[in-house]
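K.L.:
Let me give you the structure first, and then I'll get to my questions.
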Amino acid sequence: MHIHVLGAAAGGGFPQWNCNCFNCDGLRKKTIKATKRTQSSICVSGDGINWVLFNTSPDILQQIQDFAPLQPGRAIRDSGIQAIVLIDAQIDHTTGLFMLREGQVKREIYCTDMVYEDLTSGNQILNILGHYCGINRHDVPIDGKTSFTIANVPNLKFTSVALKSAAPPYSPHRNDPKAGDTIGVLIEEISSGKKCWYSPGLGEIEPHLPELMNQADCIMVDGTFWTNTEMIDMGLMTKTARSIGHNPQSGEGGMIEKLNDFGQDKKVRKILIHINNTNPILREDSAERAVLNEHNIEVAYDGMDIIL
Ligand code: MLT
Ligand code: MN
Ligand code: ZN
């Protein structure tokens with residue numbers, strides 16, 4: 001299985017257009033050891049030709065330009081992207097769909113009922129696409145048991161499950177979480193049996209998740225914030241990381257502690273993705289990055305290839 005990180009940053013990207021935090025300012029001025037990142041998305045293939053896009057970030061056009069396999073060039077209009085799986089309805093994961101409106105072939109969109117509802121009401125993007133390429137919407141099971149395959153994407157199988165995170169700020173039920181607002185997905189390559197767990201929005205590793213996560217050879221999880229109060233401490237927001245659906249890395253119950261439970265009986269890659277520009281782990285020589293290194297936790301970057 002080939003997993004390609006198209007974008008590793010959280011909403012806003014790194015650097016964020018209006019942000020002068022230590023990281024964003026330092027990246028612009030080249031005074032910190034870090035590289036720029038676009039907004040969170042991966043693509044996955046089981047044959048190297050046909051790809052599933054997970055989320056569609058506002059940076060999708062640049063991301064496609066930077067990854068040639070997504071343009072196989074078999075016809076006058078063509079794409080290696082056969083289908084799109086949306087793990088939530090957040091702006092940074094969906095608004096790139098506007099950029100993929102061209103063509104006569106309908107976009108194949110896989111999402112939950114809750115995400116479909118948000119993307120046809122609070123944010124009408126899927127309705128609007130109906131006036132351009134059109135979409136075929138496919139429901140995604142969220143019981144963590146029923147797996148599904150995607151037409152024209154050979155050799156891959158998917159099992160998704162509802163996660164505790166938060167619906168987007170624009171959602172009518174932002175403060176009233178519903179099953180299916182956010183999902184995690186176990187992606188399996190059928191021929192090799194290799195598996196990757198992907199959950200860029202993960203508020204908590206709830207008891208029903210280890211059963212799926214333990215199967216994975218590679219675990220890619222929410223790397224948004226280092227501390228629960230990161231945005232509050234920097235005067236950027238009044239909400240905690242957990243309250244907006246992102247379990248922080250450090251501290252009790254944090255991602256570092258939780259990830260320790262995985263990979264004890266086999267070698268597992270652990271990778272943080274959807275990293276907010278304020279997060280000190282973006283600085284390659286930071287003390288926080290050193291802590292991750294000690295725990296064999298990697299930090300995703302744009303262009304990262306994971307071959308399982
Ligand atoms: C999130 O991950 O919490 C959202 O993408 C935040 C946002 O849209 O600004
Ligand atoms: Mn986000
Ligand atoms: Zn910043």
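Every chain in the structure tokens takes a letter, A first, then B, and so on in the order presented; its residues are numbered from 1, and the ligands are numbered from 1 following the presented order.
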How would you write, as an MDAnalysis selection string, the set of residues in stretch 9-101 of chain A that DSSP gives as strand (DSSP E or B)?
P.N.:
chainID A and resid 9 14 37 39 41:45 51:54 81:85
K.L.:
Apply DSSP to the structure's backbone, then extract all residues of stretch 202-291 of chain A labelled helix (DSSP H, G or I) and return them as a ChimeraX atom specification.
P.N.:
/A:210-213,230-233,242-244,255-259,280-282,287-291
K.L.:
Quick one: residues within 9 Å of stretch 223-235 of chain A, only C-alpha atoms counted, chain neighbours fewer than 3 positions away excluded, as a PyMOL selection string?
P.N.:
chain A and resi 9-10+21+200-202+220+238-243+246-251+254-255+271-281+288+299-300
K.L.:
Mind checking which residues fall within 10 Å of A:Gly180, counting only C-alpha atoms, ignoring those fewer than 6 positions away in the same chain, and posting them as a ChimeraX atom specification?
P.N.:
/A:87-88,111-116,140-143,160-167
K.L.:
Deliver the residues from the most recent selection as a file, using N, CA, C and O atoms, as a JSON list (two decimals), in the first residue's frame.
P.N.:
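Output saved as result39.json:
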[["chain", "number", "residue", "atom", "x", "y", "z"],
["A", 87, "ILE", "N", -13.51, 12.45, 6.08],
["A", 87, "ILE", "CA", -13.57, 11.94, 7.46],
["A", 87, "ILE", "C", -14.40, 12.87, 8.36],
["A", 87, "ILE", "O", -14.80, 12.50, 9.45],
["A", 88, "ASP", "N", -14.62, 14.08, 7.89],
["A", 88, "ASP", "CA", -15.52, 14.99, 8.59],
["A", 88, "ASP", "C", -15.95, 16.06, 7.59],
["A", 88, "ASP", "O", -15.63, 15.97, 6.40],
["A", 111, "CYS", "N", -19.03, 9.48, 2.44],
["A", 111, "CYS", "CA", -19.11, 10.18, 3.72],
["A", 111, "CYS", "C", -20.32, 9.68, 4.52],
["A", 111, "CYS", "O", -21.21, 9.05, 3.97],
["A", 112, "THR", "N", -20.32, 10.01, 5.80],
["A", 112, "THR", "CA", -21.43, 9.59, 6.67],
["A", 112, "THR", "C", -22.66, 10.46, 6.43],
["A", 112, "THR", "O", -22.57, 11.53, 5.80],
["A", 113, "ASP", "N", -23.77, 10.04, 6.98],
["A", 113, "ASP", "CA", -24.99, 10.85, 6.88],
["A", 113, "ASP", "C", -24.81, 12.22, 7.52],
["A", 113, "ASP", "O", -25.28, 13.23, 7.02],
["A", 114, "MET", "N", -24.11, 12.26, 8.67],
["A", 114, "MET", "CA", -23.92, 13.54, 9.37],
["A", 114, "MET", "C", -23.09, 14.50, 8.53],
["A", 114, "MET", "O", -23.40, 15.69, 8.43],
["A", 115, "VAL", "N", -22.04, 13.98, 7.91],
["A", 115, "VAL", "CA", -21.18, 14.83, 7.07],
["A", 115, "VAL", "C", -21.97, 15.27, 5.84],
["A", 115, "VAL", "O", -21.93, 16.45, 5.45],
["A", 116, "TYR", "N", -22.74, 14.36, 5.27],
["A", 116, "TYR", "CA", -23.55, 14.71, 4.10],
["A", 116, "TYR", "C", -24.56, 15.81, 4.45],
["A", 116, "TYR", "O", -24.76, 16.76, 3.69],
["A", 140, "VAL", "N", -21.19, 5.68, 4.26],
["A", 140, "VAL", "CA", -20.07, 5.00, 4.89],
["A", 140, "VAL", "C", -20.56, 4.37, 6.20],
["A", 140, "VAL", "O", -21.11, 5.08, 7.04],
["A", 141, "PRO", "N", -20.39, 3.07, 6.36],
["A", 141, "PRO", "CA", -20.82, 2.45, 7.62],
["A", 141, "PRO", "C", -19.92, 2.91, 8.76],
["A", 141, "PRO", "O", -18.72, 3.11, 8.56],
["A", 142, "ILE", "N", -20.48, 3.09, 9.94],
["A", 142, "ILE", "CA", -19.65, 3.60, 11.04],
["A", 142, "ILE", "C", -19.66, 2.67, 12.25],
["A", 142, "ILE", "O", -19.40, 3.08, 13.36],
["A", 143, "ASP", "N", -19.94, 1.39, 11.98],
["A", 143, "ASP", "CA", -20.01, 0.43, 13.10],
["A", 143, "ASP", "C", -18.65, -0.19, 13.42],
["A", 143, "ASP", "O", -18.52, -0.97, 14.36],
["A", 160, "SER", "N", -14.65, 1.82, 8.61],
["A", 160, "SER", "CA", -14.67, 3.10, 9.31],
["A", 160, "SER", "C", -15.50, 3.01, 10.58],
["A", 160, "SER", "O", -16.33, 2.11, 10.75],
["A", 161, "VAL", "N", -15.25, 3.96, 11.46],
["A", 161, "VAL", "CA", -15.90, 3.93, 12.76],
["A", 161, "VAL", "C", -16.10, 5.36, 13.26],
["A", 161, "VAL", "O", -15.29, 6.24, 12.98],
["A", 162, "ALA", "N", -17.21, 5.56, 13.97],
["A", 162, "ALA", "CA", -17.50, 6.90, 14.51],
["A", 162, "ALA", "C", -16.51, 7.23, 15.63],
["A", 162, "ALA", "O", -16.16, 6.37, 16.43],
["A", 163, "LEU", "N", -16.08, 8.46, 15.66],
["A", 163, "LEU", "CA", -15.11, 8.92, 16.66],
["A", 163, "LEU", "C", -15.65, 10.09, 17.45],
["A", 163, "LEU", "O", -16.45, 10.87, 16.94],
["A", 164, "LYS", "N", -15.08, 10.26, 18.64],
["A", 164, "LYS", "CA", -15.42, 11.45, 19.41],
["A", 164, "LYS", "C", -14.55, 12.60, 18.91],
["A", 164, "LYS", "O", -13.34, 12.60, 19.04],
["A", 165, "SER", "N", -15.16, 13.53, 18.25],
["A", 165, "SER", "CA", -14.47, 14.76, 17.86],
["A", 165, "SER", "C", -15.55, 15.83, 17.86],
["A", 165, "SER", "O", -16.49, 15.75, 18.65],
["A", 166, "ALA", "N", -15.50, 16.80, 16.98],
["A", 166, "ALA", "CA", -16.55, 17.83, 17.00],
["A", 166, "ALA", "C", -16.97, 18.16, 15.58],
["A", 166, "ALA", "O", -16.16, 18.16, 14.66],
["A", 167, "ALA", "N", -18.26, 18.45, 15.41],
["A", 167, "ALA", "CA", -18.74, 18.91, 14.10],
["A", 167, "ALA", "C", -18.14, 20.31, 13.86],
["A", 167, "ALA", "O", -17.72, 20.98, 14.80]]
K.L.:
Compile the contact shell of A:Ser199 as a VMD selection string: residues with an atom at most 7 Å away, counting only C-alpha atoms, same-chain residues fewer than 3 positions apart removed.
P.N.:
chain A and resid 183 to 185 202 220 to 222
K.L.:
Under the rule that only C-alpha atoms and all ligand atoms are counted, which of A:Gly80, A:Pro169, A:Gly96, A:Gly144 is the nearest residue to ligand 1?
P.N.:
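Of A:Gly80, A:Pro169, A:Gly96, A:Gly144, the one nearest ligand 1, counting only C-alpha atoms and all ligand atoms, is A:Pro169.
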K.L.:
Which chains and residue numbers are within 6 Å of ligand 1, counting only C-alpha atoms and all ligand atoms, if I want them as a list in words?
P.N.:
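Listing the residues within 6 Å of ligand 1 gives Gly11, Gln90, Ile91, Asp92 and Ile244 of chain A.
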K.L.:
For the residues selected in the previous step, produce a file with C-alpha atoms as a PDB file, in the first residue's frame.
P.N.:
ATOM      1  CA  GLY A  11      -6.627  24.266   9.322  1.00  0.00           C
ATOM      2  CA  GLN A  90     -14.558  20.629   8.401  1.00  0.00           C
ATOM      3  CA  ILE A  91     -13.602  23.521   6.131  1.00  0.00           C
ATOM      4  CA  ASP A  92      -9.971  22.362   5.902  1.00  0.00           C
ATOM      5  CA  ILE A 244     -12.843  21.187  19.776  1.00  0.00           C
TER       6      ILE A 244
END
K.L.:
Around ligand 3, at most 9 Å away and counting only C-alpha atoms and all ligand atoms, which residues are there? Put them as a list in words, please.
P.N.:
Gly12, Gly13, Phe14, Pro15, Gln16, Trp17, Asn18, Cys19, Asn20, Cys21, Phe22, Asn23, Cys24, Asp25, Asn276, Asn277, Thr278 and Asn279 of chain A
K.L.:
Generate a file of the selected residues that holds N, CA and C atoms, formatted as an mmCIF file, in the first residue's frame.
P.N.:
data_model
loop_
_atom_site.group_PDB
_atom_site.id
_atom_site.type_symbol
_atom_site.label_atom_id
_atom_site.label_comp_id
_atom_site.auth_asym_id
_atom_site.auth_seq_id
_atom_site.Cartn_x
_atom_site.Cartn_y
_atom_site.Cartn_z
ATOM 1 N N GLY A 12 -5.635 26.231 8.301
ATOM 2 C CA GLY A 12 -4.788 27.424 8.279
ATOM 3 C C GLY A 12 -3.447 27.168 7.630
ATOM 4 N N GLY A 13 -2.989 25.895 7.670
ATOM 5 C CA GLY A 13 -1.690 25.566 7.102
ATOM 6 C C GLY A 13 -0.559 26.153 7.927
ATOM 7 N N PHE A 14 0.658 25.950 7.438
ATOM 8 C CA PHE A 14 1.848 26.440 8.140
ATOM 9 C C PHE A 14 2.827 27.010 7.117
ATOM 10 N N PRO A 15 3.098 28.321 7.114
ATOM 11 C CA PRO A 15 2.567 29.306 8.046
ATOM 12 C C PRO A 15 1.134 29.687 7.674
ATOM 13 N N GLN A 16 0.386 30.131 8.664
ATOM 14 C CA GLN A 16 -0.991 30.579 8.411
ATOM 15 C C GLN A 16 -0.950 32.037 7.966
ATOM 16 N N TRP A 17 -1.774 32.375 6.987
ATOM 17 C CA TRP A 17 -1.710 33.692 6.322
ATOM 18 C C TRP A 17 -1.674 34.891 7.266
ATOM 19 N N ASN A 18 -2.431 34.819 8.388
ATOM 20 C CA ASN A 18 -2.532 35.996 9.256
ATOM 21 C C ASN A 18 -1.839 35.791 10.595
ATOM 22 N N CYS A 19 -1.017 34.746 10.691
ATOM 23 C CA CYS A 19 -0.481 34.388 12.004
ATOM 24 C C CYS A 19 0.980 34.798 12.173
ATOM 25 N N ASN A 20 1.250 35.385 13.317
ATOM 26 C CA ASN A 20 2.615 35.765 13.672
ATOM 27 C C ASN A 20 3.058 35.076 14.951
ATOM 28 N N CYS A 21 2.552 33.878 15.167
ATOM 29 C CA CYS A 21 3.021 33.113 16.319
ATOM 30 C C CYS A 21 4.500 32.793 16.098
ATOM 31 N N PHE A 22 5.156 32.281 17.125
ATOM 32 C CA PHE A 22 6.598 32.009 17.060
ATOM 33 C C PHE A 22 6.934 31.137 15.843
ATOM 34 N N ASN A 23 6.117 30.128 15.603
ATOM 35 C CA ASN A 23 6.388 29.220 14.477
ATOM 36 C C ASN A 23 6.165 29.885 13.126
ATOM 37 N N CYS A 24 5.003 30.516 12.941
ATOM 38 C CA CYS A 24 4.687 31.094 11.624
ATOM 39 C C CYS A 24 5.658 32.216 11.280
ATOM 40 N N ASP A 25 5.918 33.090 12.249
ATOM 41 C CA ASP A 25 6.863 34.187 12.041
ATOM 42 C C ASP A 25 8.267 33.626 11.775
ATOM 43 N N ASN A 276 -1.226 21.693 13.998
ATOM 44 C CA ASN A 276 -1.512 23.131 13.974
ATOM 45 C C ASN A 276 -0.209 23.930 13.960
ATOM 46 N N ASN A 277 -0.269 25.090 13.311
ATOM 47 C CA ASN A 277 0.963 25.884 13.146
ATOM 48 C C ASN A 277 1.566 26.355 14.470
ATOM 49 N N THR A 278 0.781 26.358 15.544
ATOM 50 C CA THR A 278 1.306 26.762 16.852
ATOM 51 C C THR A 278 2.109 25.663 17.539
ATOM 52 N N ASN A 279 2.011 24.444 17.044
ATOM 53 C CA ASN A 279 2.555 23.280 17.764
ATOM 54 C C ASN A 279 4.087 23.255 17.720
#
K.L.:
Provide the atom CA of A:Ser192 to atom CA of A:Gly263 distance in Å, to one decimal place.
P.N.:
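Atom CA of A:Ser192 sits 18.7 Å away from atom CA of A:Gly263.
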